[in-house]
Amino acid sequence: MSTATLQQQLDDRLKQAMRARDSQMLNLVRMLKARMIERKTAPGFKGEVDDALWTDVITVYAKSLSKALEQYRAVGPAGVEHATQLEWELRALDEWLPKKADAATVQGWIDEAIAGLGGKDNAKIGAVMGAVIKAHKADVDPGMVRQLAEQSLG
């Protein structure tokens, strides 16, 4: 990632999209900016708009897209067009989201957590997941942690 703030990166991408007449990217960046305005104007908002807040806004939006994508896929052929658009948006958002640890790294953290809890016989899936997620919250996908923990303890 460049040294520019996420705000600057989004502003630059908005300008590029306007010049290129890239309506998909233009709509995506505008949506993110609208979500930020909603967050800033929400009752009780205190603080500043920084990269951490932008990351949170983008992460929340990506999660909502993922849920919608599952629903459109479940519809079948009627949902293909919307699903394709959502897949594109999720790939585009990846540029601004923090990178998650790979499966091998997460497995190592799970193995450490299991050992710290007294081995496979004493370890419970909730305790293993809790230990890994607490220690590496920003670096892991909870779904991946659950899947790998279940495999390790199963």
# chains A, B, ... in the order shown; residues from 1 in each chain; ligands from 1

call {"tool": "residues_around", "arguments": {"residues": "Arg39 in chain A", "least_positions_apart": "5", "cutoff": "9 Å", "atoms": "only C-alpha atoms", "output": "list in words"}}
result
Ala34, Phe45 and Val57 of chain A

call {"tool": "residues_around", "arguments": {"residues": "range 108-120 of chain A", "least_positions_apart": "4", "cutoff": "7 Å", "atoms": "only C-alpha atoms", "output": "list in words"}}
result
Ala104, Val128, Ala131, Val132, Ala149 and Leu153 of chain A

call {"tool": "write_last_selection", "arguments": {"atoms": "N, CA and C atoms", "output": "PDB file, in the first residue's frame"}}
result
ATOM      1  N   ALA A 104      -1.505 -21.347   6.303  1.00  0.00           N
ATOM      2  CA  ALA A 104      -0.369 -21.953   7.007  1.00  0.00           C
ATOM      3  C   ALA A 104      -0.020 -21.159   8.267  1.00  0.00           C
ATOM      4  N   VAL A 128      -9.800 -22.223  21.637  1.00  0.00           N
ATOM      5  CA  VAL A 128      -8.752 -22.098  20.611  1.00  0.00           C
ATOM      6  C   VAL A 128      -9.045 -20.898  19.717  1.00  0.00           C
ATOM      7  N   ALA A 131      -8.486 -17.607  21.578  1.00  0.00           N
ATOM      8  CA  ALA A 131      -7.069 -17.273  21.766  1.00  0.00           C
ATOM      9  C   ALA A 131      -6.456 -16.731  20.474  1.00  0.00           C
ATOM     10  N   VAL A 132      -6.746 -17.387  19.365  1.00  0.00           N
ATOM     11  CA  VAL A 132      -6.165 -16.964  18.081  1.00  0.00           C
ATOM     12  C   VAL A 132      -6.728 -15.611  17.655  1.00  0.00           C
ATOM     13  N   ALA A 149      -9.428 -24.782  13.070  1.00  0.00           N
ATOM     14  CA  ALA A 149      -9.495 -25.264  14.452  1.00  0.00           C
ATOM     15  C   ALA A 149     -10.306 -26.553  14.510  1.00  0.00           C
ATOM     16  N   LEU A 153      -8.807 -30.118  15.785  1.00  0.00           N
ATOM     17  CA  LEU A 153      -9.345 -30.785  16.976  1.00  0.00           C
ATOM     18  C   LEU A 153     -10.213 -31.985  16.639  1.00  0.00           C
TER      19      LEU A 153
END

call {"tool": "residues_around", "arguments": {"residues": "Thr55 in chain A", "least_positions_apart": "2", "cutoff": "9 Å", "atoms": "only C-alpha atoms", "output": "ChimeraX atom specification"}}
result
/A:6,50-53,57-60,96-98

call {"tool": "closest_residue", "arguments": {"among": "A:Val140, A:Ala83, A:Ala123, A:Met36", "to": "Lys99 in chain A", "atoms": "only C-alpha atoms"}}
result
A:Val140

call {"tool": "closest_residue", "arguments": {"among": "A:Ala92, A:Val145, A:Lys46, A:Gly126", "to": "Gln107 in chain A", "atoms": "only C-alpha atoms"}}
result
A:Val145

call {"tool": "select_by_dssp", "arguments": {"residues": "chain A", "states": "alpha helix (DSSP H)", "output": "PyMOL selection string"}}
result
chain A and resi 6-20+23-41+51-75+80-93+103-116+125-136+142-153

call {"tool": "closest_residue", "arguments": {"among": "A:Ala78, A:Val49, A:Ala103, A:Leu90", "to": "Ala62 in chain A", "atoms": "only C-alpha atoms"}}
result
A:Leu90

call {"tool": "closest_residue", "arguments": {"among": "A:Thr5, A:Leu86, A:Lys134, A:Ala17", "to": "Gln71 in chain A", "atoms": "only C-alpha atoms"}}
result
A:Leu86

call {"tool": "residues_around", "arguments": {"residues": "Tyr72 in chain A", "least_positions_apart": "6", "cutoff": "7 Å", "atoms": "only C-alpha atoms", "output": "list in words"}}
result
Gly79, Val80, His82 and Ala83 of chain A

call {"tool": "atom_distance", "arguments": {"atom1": "CA of Pro43 in chain A", "atom2": "CA of Asp11 in chain A"}}
result
25.7 Å

call {"tool": "atom_distance", "arguments": {"atom1": "CA of Ala101 in chain A", "atom2": "CA of Asp141 in chain A"}}
result
8.0 Å

call {"tool": "atom_distance", "arguments": {"atom1": "CA of Ala138 in chain A", "atom2": "CA of Asp56 in chain A"}}
result
10.8 Å
